[in-house]
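Student: Once you've had a glance at the structure underneath, I'll fire off some questions.
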Amino acid sequence: MKENHKHIILSDLPKHNVYEVPDDYFDRLPMRIMERTAAAPKSGWVSVQLWQNLRMAIAPLVLLLLFVGVFFFGLESQPEQAAFNIAAVSDAEIVDYLTAYSTVESNDLAELNTLQKQELASEFINVSAADAEAELEYYHLKDTEY
Amino acid sequence: MEDKEILEKFANPDSRNLAFNQLVRKYQQKVYWHIRKMVIDHDDADDLTQEVFLKVWKNLENFRQDAQLYTWLYRIATNECLTFLSNKKRKFFLPINDVAAELTEKIDSSPYISGDEIQLKLQKALLKLPDKQRLVFNMKYYDDLKYEEISEILGTSVGALKASYHLAVKKIEEFIKQD
């Protein structure tokens, strides 16, 4: 028999279904299927299934959204809070603070050149416009390493 | 009854059950034999066939009528088969060859299988093919589907299917020769 198989060409074989079913199987199958469909939901099945699958995930999801919301709300409100705090401080108090705790260096004076007069008056930092110009001339930008 | 008529009747709640019963009677054998050749065991094929028609019942309202009804049925049946075989491999931590060995053993032991030696050898040789290649072979060789229809069912190009079928035939002839 093994020798016979050595030159088998598939197209030469007759097509034969080797599988069988119990007697009357295909006569009874439609009825069995119809019985199962009678128990199956007909409409909204997808949404019910989806709800059943997602139901357990809702509590942690809400908690996660709450944390994310609080985090982002906190981030957004911080600059507004800082601006509000600064606005509440008078100019005189700011000048006093800077006079007491800060020293104005040549770098600060150089930066002044880029500001418009209306944005920051020279008298605001108790330096005359002429002094600021002189300081600026003294400060050689070309020699500065960045 | 034509598919179009079945679908029209199914859309009407009064004739839905009747239409579905006719659909089952029309396609039950095609679906069953398609599944049976993949899973070998009658009881497994019986379960999967019922599952396929339950899915059809639940989703027939959403069926796009620009596609052929029987290719849609084949696609559902094919997915059920592949899922079943995949679960079988995963559930028992079996490598592919062991699942093939289990199915081969069923060919020898199942009460609902008969055939001469060469036919049984052909079935055992088929089990040595990868599942998707076996699907292509079955649909082309046994079901006489066109490559275009198989392409619609499997979502694979016609060229790839032709190459896969040609390769499957060569492998099967080689497997039979080796036995």
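Following the order of the structure tokens, first chain is A, next is B, and so on, with residues numbered from 1 inside each chain and ligands from 1 in the order they appear.
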Set the cut-off to 6 Å and count only C-alpha atoms: what are the residues of chain B that reach chain A? Output as number ranges by chain.
Tutor: B: 24, 50, 112-115, 177
Student: Next, dump the selected residues to file, keeping only C-alpha atoms, as a PDB file, in the first residue's frame.
Tutor:
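Final output, saved to part27.pdb:
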```
ATOM      1  CA  VAL B  24     -30.659  27.796   8.955  1.00  0.00           C
ATOM      2  CA  GLN B  50     -24.910  26.467  16.828  1.00  0.00           C
ATOM      3  CA  TYR B 112     -18.504   9.372  12.735  1.00  0.00           C
ATOM      4  CA  ILE B 113     -15.602   8.992  10.321  1.00  0.00           C
ATOM      5  CA  SER B 114     -15.282   6.452   7.550  1.00  0.00           C
ATOM      6  CA  GLY B 115     -13.292   6.135   4.362  1.00  0.00           C
ATOM      7  CA  LYS B 177       4.347  10.059  -0.106  1.00  0.00           C
TER       8      LYS B 177
END
```
Student: Counting only C-alpha atoms, what is within 12 Å of Ser109 of chain B, bar same-chain residues fewer than 5 positions away, as a compact mmCIF listing (two decimals) with N, CA and C atoms, in the first residue's frame?
Tutor:
```
# COMPACT_ATOMS: atom_id res chain seq x y z
N ILE B 40 -12.68 18.49 13.15
CA ILE B 40 -12.70 17.02 13.06
C ILE B 40 -13.80 16.36 13.91
N ASP B 41 -13.89 16.74 15.18
CA ASP B 41 -14.82 16.07 16.09
C ASP B 41 -16.26 16.56 15.85
N HIS B 42 -17.20 15.62 15.81
CA HIS B 42 -18.60 15.99 15.54
C HIS B 42 -19.19 16.88 16.63
N GLU B 102 -3.58 15.41 18.29
CA GLU B 102 -4.85 15.12 18.95
C GLU B 102 -5.97 14.97 17.91
N LEU B 103 -5.97 15.86 16.92
CA LEU B 103 -7.00 15.78 15.87
C LEU B 103 -6.80 14.54 15.00
N THR B 104 -5.54 14.20 14.76
CA THR B 104 -5.24 12.99 13.98
C THR B 104 -5.75 11.74 14.70
N SER B 114 -15.52 7.69 8.31
CA SER B 114 -15.28 6.45 7.55
C SER B 114 -14.63 6.81 6.22
N LEU B 120 -8.27 8.61 4.37
CA LEU B 120 -7.92 8.95 5.74
C LEU B 120 -6.51 9.53 5.81
```
Student: Tell me, in Å to one decimal, how far atom CA of Gln29 of chain B is from atom CA of Arg75 of chain B.
Tutor: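 Atom CA of Arg75 of chain B lies 15.1 Å from atom CA of Gln29 of chain B.
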Student: With distances taken over only C-alpha atoms, which of B:Asp14, B:Asp143, B:Asp98, B:Asp46 is nearest to Lys128 of chain B?
Tutor: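 Going through B:Asp14, B:Asp143, B:Asp98, B:Asp46 one by one, the smallest distance to Lys128 of chain B is for B:Asp98.
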Student: Which residues come within 9 Å of Phe175 of chain B, counting only C-alpha atoms, excluding same-chain residues fewer than 4 positions away, as a list of chain:residue names?
Tutor: B:Lys121, B:Leu122, B:Lys124, B:Ala125, B:Leu126, B:Lys128, B:Lys170, B:Lys171, B:Asp179
Student: Emit the selected residues as an mmCIF file, in the first residue's frame, including all heavy atoms.
Tutor:
```
data_model
loop_
_atom_site.group_PDB
_atom_site.id
_atom_site.type_symbol
_atom_site.label_atom_id
_atom_site.label_comp_id
_atom_site.auth_asym_id
_atom_site.auth_seq_id
_atom_site.Cartn_x
_atom_site.Cartn_y
_atom_site.Cartn_z
ATOM 1 N N LYS B 121 -5.616 9.001 4.958
ATOM 2 C CA LYS B 121 -4.255 9.555 4.911
ATOM 3 C C LYS B 121 -4.289 11.008 4.447
ATOM 4 O O LYS B 121 -3.531 11.848 4.925
ATOM 5 C CB LYS B 121 -3.378 8.731 3.966
ATOM 6 C CG LYS B 121 -2.763 7.508 4.607
ATOM 7 C CD LYS B 121 -1.801 6.848 3.654
ATOM 8 C CE LYS B 121 -1.280 5.544 4.245
ATOM 9 N NZ LYS B 121 -0.439 5.763 5.433
ATOM 10 N N LEU B 122 -5.184 11.279 3.500
ATOM 11 C CA LEU B 122 -5.323 12.647 3.009
ATOM 12 C C LEU B 122 -5.767 13.571 4.148
ATOM 13 O O LEU B 122 -5.228 14.672 4.323
ATOM 14 C CB LEU B 122 -6.336 12.694 1.855
ATOM 15 C CG LEU B 122 -6.752 14.082 1.373
ATOM 16 C CD1 LEU B 122 -5.560 14.892 0.887
ATOM 17 C CD2 LEU B 122 -7.786 13.972 0.240
ATOM 18 N N LYS B 124 -5.301 13.140 7.347
ATOM 19 C CA LYS B 124 -4.204 13.286 8.314
ATOM 20 C C LYS B 124 -3.116 14.210 7.764
ATOM 21 O O LYS B 124 -2.499 14.980 8.511
ATOM 22 C CB LYS B 124 -3.617 11.915 8.658
ATOM 23 C CG LYS B 124 -4.563 11.065 9.492
ATOM 24 C CD LYS B 124 -4.014 9.672 9.710
ATOM 25 C CE LYS B 124 -5.022 8.797 10.426
ATOM 26 N NZ LYS B 124 -4.566 7.407 10.575
ATOM 27 N N ALA B 125 -2.877 14.116 6.464
ATOM 28 C CA ALA B 125 -1.893 15.007 5.837
ATOM 29 C C ALA B 125 -2.351 16.460 5.931
ATOM 30 O O ALA B 125 -1.545 17.368 6.166
ATOM 31 C CB ALA B 125 -1.689 14.610 4.369
ATOM 32 N N LEU B 126 -3.665 16.662 5.768
ATOM 33 C CA LEU B 126 -4.223 18.016 5.870
ATOM 34 C C LEU B 126 -3.956 18.636 7.234
ATOM 35 O O LEU B 126 -3.738 19.844 7.363
ATOM 36 C CB LEU B 126 -5.737 17.971 5.637
ATOM 37 C CG LEU B 126 -6.222 18.107 4.200
ATOM 38 C CD1 LEU B 126 -7.704 17.806 4.112
ATOM 39 C CD2 LEU B 126 -5.961 19.507 3.715
ATOM 40 N N LYS B 128 -1.470 18.447 8.978
ATOM 41 C CA LYS B 128 -0.090 18.917 9.130
ATOM 42 C C LYS B 128 0.092 20.331 8.582
ATOM 43 O O LYS B 128 1.145 20.939 8.782
ATOM 44 C CB LYS B 128 0.877 17.957 8.424
ATOM 45 C CG LYS B 128 0.927 16.585 9.086
ATOM 46 C CD LYS B 128 1.872 15.656 8.340
ATOM 47 C CE LYS B 128 1.887 14.285 9.016
ATOM 48 N NZ LYS B 128 2.684 13.303 8.262
ATOM 49 N N LYS B 170 1.107 20.714 -2.914
ATOM 50 C CA LYS B 170 2.445 20.114 -2.969
ATOM 51 C C LYS B 170 2.807 19.462 -1.633
ATOM 52 O O LYS B 170 3.353 18.362 -1.582
ATOM 53 C CB LYS B 170 3.499 21.185 -3.318
ATOM 54 C CG LYS B 170 3.375 21.729 -4.716
ATOM 55 C CD LYS B 170 3.746 20.654 -5.723
ATOM 56 C CE LYS B 170 3.345 21.081 -7.138
ATOM 57 N NZ LYS B 170 3.219 19.921 -8.048
ATOM 58 N N LYS B 171 2.508 20.169 -0.555
ATOM 59 C CA LYS B 171 2.829 19.635 0.780
ATOM 60 C C LYS B 171 2.049 18.350 1.033
ATOM 61 O O LYS B 171 2.596 17.376 1.553
ATOM 62 C CB LYS B 171 2.439 20.658 1.858
ATOM 63 C CG LYS B 171 3.435 21.764 2.109
ATOM 64 C CD LYS B 171 2.944 22.541 3.337
ATOM 65 C CE LYS B 171 3.598 23.870 3.508
ATOM 66 N NZ LYS B 171 2.988 24.629 4.617
ATOM 67 N N ASP B 179 4.373 8.952 4.187
ATOM 68 C CA ASP B 179 3.724 8.005 5.105
ATOM 69 C C ASP B 179 3.906 6.555 4.649
ATOM 70 O O ASP B 179 3.862 6.254 3.501
ATOM 71 C CB ASP B 179 2.247 8.331 5.239
ATOM 72 C CG ASP B 179 2.027 9.408 6.293
ATOM 73 O OD1 ASP B 179 2.930 9.614 7.106
ATOM 74 O OD2 ASP B 179 0.950 10.044 6.258
#
```
Student: List every residue of segment 91-143 of chain B that DSSP, applied to the backbone, labels as helix (DSSP H, G or I), and write the result as a PyMOL selection string.
Tutor: chain B and resi 91+96-109+117-126+131-142
Student: How would the residues just chosen look if you wrote them out with C-alpha atoms as a PDB file, in the first residue's frame?
Tutor:
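Generated output (part.pdb):
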```pdb
ATOM      1  CA  LYS B  91      -5.670  26.240  27.076  1.00  0.00           C
ATOM      2  CA  ILE B  96       0.816  23.212  17.193  1.00  0.00           C
ATOM      3  CA  ASN B  97       1.980  19.685  16.409  1.00  0.00           C
ATOM      4  CA  ASP B  98       0.354  18.269  19.517  1.00  0.00           C
ATOM      5  CA  VAL B  99      -3.035  19.731  18.613  1.00  0.00           C
ATOM      6  CA  ALA B 100      -2.583  18.226  15.144  1.00  0.00           C
ATOM      7  CA  ALA B 101      -1.708  14.911  16.815  1.00  0.00           C
ATOM      8  CA  GLU B 102      -4.851  15.116  18.949  1.00  0.00           C
ATOM      9  CA  LEU B 103      -6.997  15.784  15.872  1.00  0.00           C
ATOM     10  CA  THR B 104      -5.240  12.987  13.981  1.00  0.00           C
ATOM     11  CA  GLU B 105      -6.058  10.609  16.816  1.00  0.00           C
ATOM     12  CA  LYS B 106      -9.710  11.634  16.493  1.00  0.00           C
ATOM     13  CA  ILE B 107      -9.666  10.596  12.834  1.00  0.00           C
ATOM     14  CA  ASP B 108      -8.733   7.091  13.966  1.00  0.00           C
ATOM     15  CA  SER B 109     -11.099   6.908  16.926  1.00  0.00           C
ATOM     16  CA  GLU B 117      -7.010   4.241   3.680  1.00  0.00           C
ATOM     17  CA  ILE B 118      -5.936   6.817   1.149  1.00  0.00           C
ATOM     18  CA  GLN B 119      -8.803   9.165   2.063  1.00  0.00           C
ATOM     19  CA  LEU B 120      -7.917   8.949   5.743  1.00  0.00           C
ATOM     20  CA  LYS B 121      -4.255   9.555   4.911  1.00  0.00           C
ATOM     21  CA  LEU B 122      -5.323  12.647   3.009  1.00  0.00           C
ATOM     22  CA  GLN B 123      -7.208  13.948   6.079  1.00  0.00           C
ATOM     23  CA  LYS B 124      -4.204  13.286   8.314  1.00  0.00           C
ATOM     24  CA  ALA B 125      -1.893  15.007   5.837  1.00  0.00           C
ATOM     25  CA  LEU B 126      -4.223  18.016   5.870  1.00  0.00           C
ATOM     26  CA  ASP B 131      -4.794  26.245  10.114  1.00  0.00           C
ATOM     27  CA  LYS B 132      -5.262  29.058   7.598  1.00  0.00           C
ATOM     28  CA  GLN B 133      -3.685  27.082   4.771  1.00  0.00           C
ATOM     29  CA  ARG B 134      -5.978  24.180   5.663  1.00  0.00           C
ATOM     30  CA  LEU B 135      -8.940  26.551   5.459  1.00  0.00           C
ATOM     31  CA  VAL B 136      -7.888  27.721   2.007  1.00  0.00           C
ATOM     32  CA  PHE B 137      -7.416  24.150   0.841  1.00  0.00           C
ATOM     33  CA  ASN B 138     -10.801  23.008   2.165  1.00  0.00           C
ATOM     34  CA  MET B 139     -12.701  25.910   0.640  1.00  0.00           C
ATOM     35  CA  LYS B 140     -11.036  25.464  -2.744  1.00  0.00           C
ATOM     36  CA  TYR B 141     -10.760  21.679  -2.976  1.00  0.00           C
ATOM     37  CA  TYR B 142     -13.918  20.492  -1.187  1.00  0.00           C
TER      38      TYR B 142
END
```
Student: Need the shell around Glu2 of chain B: protein/DNA/RNA residues with any atom at most 12 Å away, counting only C-alpha atoms. Skip same-chain ones fewer than 2 positions apart. Format as a PyMOL selection string?
Tutor: chain B and resi 4-9+19+22-23+26-27+68-70
Student: Report, in Å to a single decimal, how far apart atom CA of Lys146 of chain B and atom CA of Trp33 of chain B are.
Tutor: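 Calculated distance between atom CA of Trp33 of chain B and atom CA of Lys146 of chain B is 17.5 Å.
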Student: Between B:Ala11, B:Leu54, B:Leu154, B:Leu129, which is the closest to Leu167 of chain B once you count only C-alpha atoms?
Tutor: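 Closest residue, counting only C-alpha atoms: B:Leu129.
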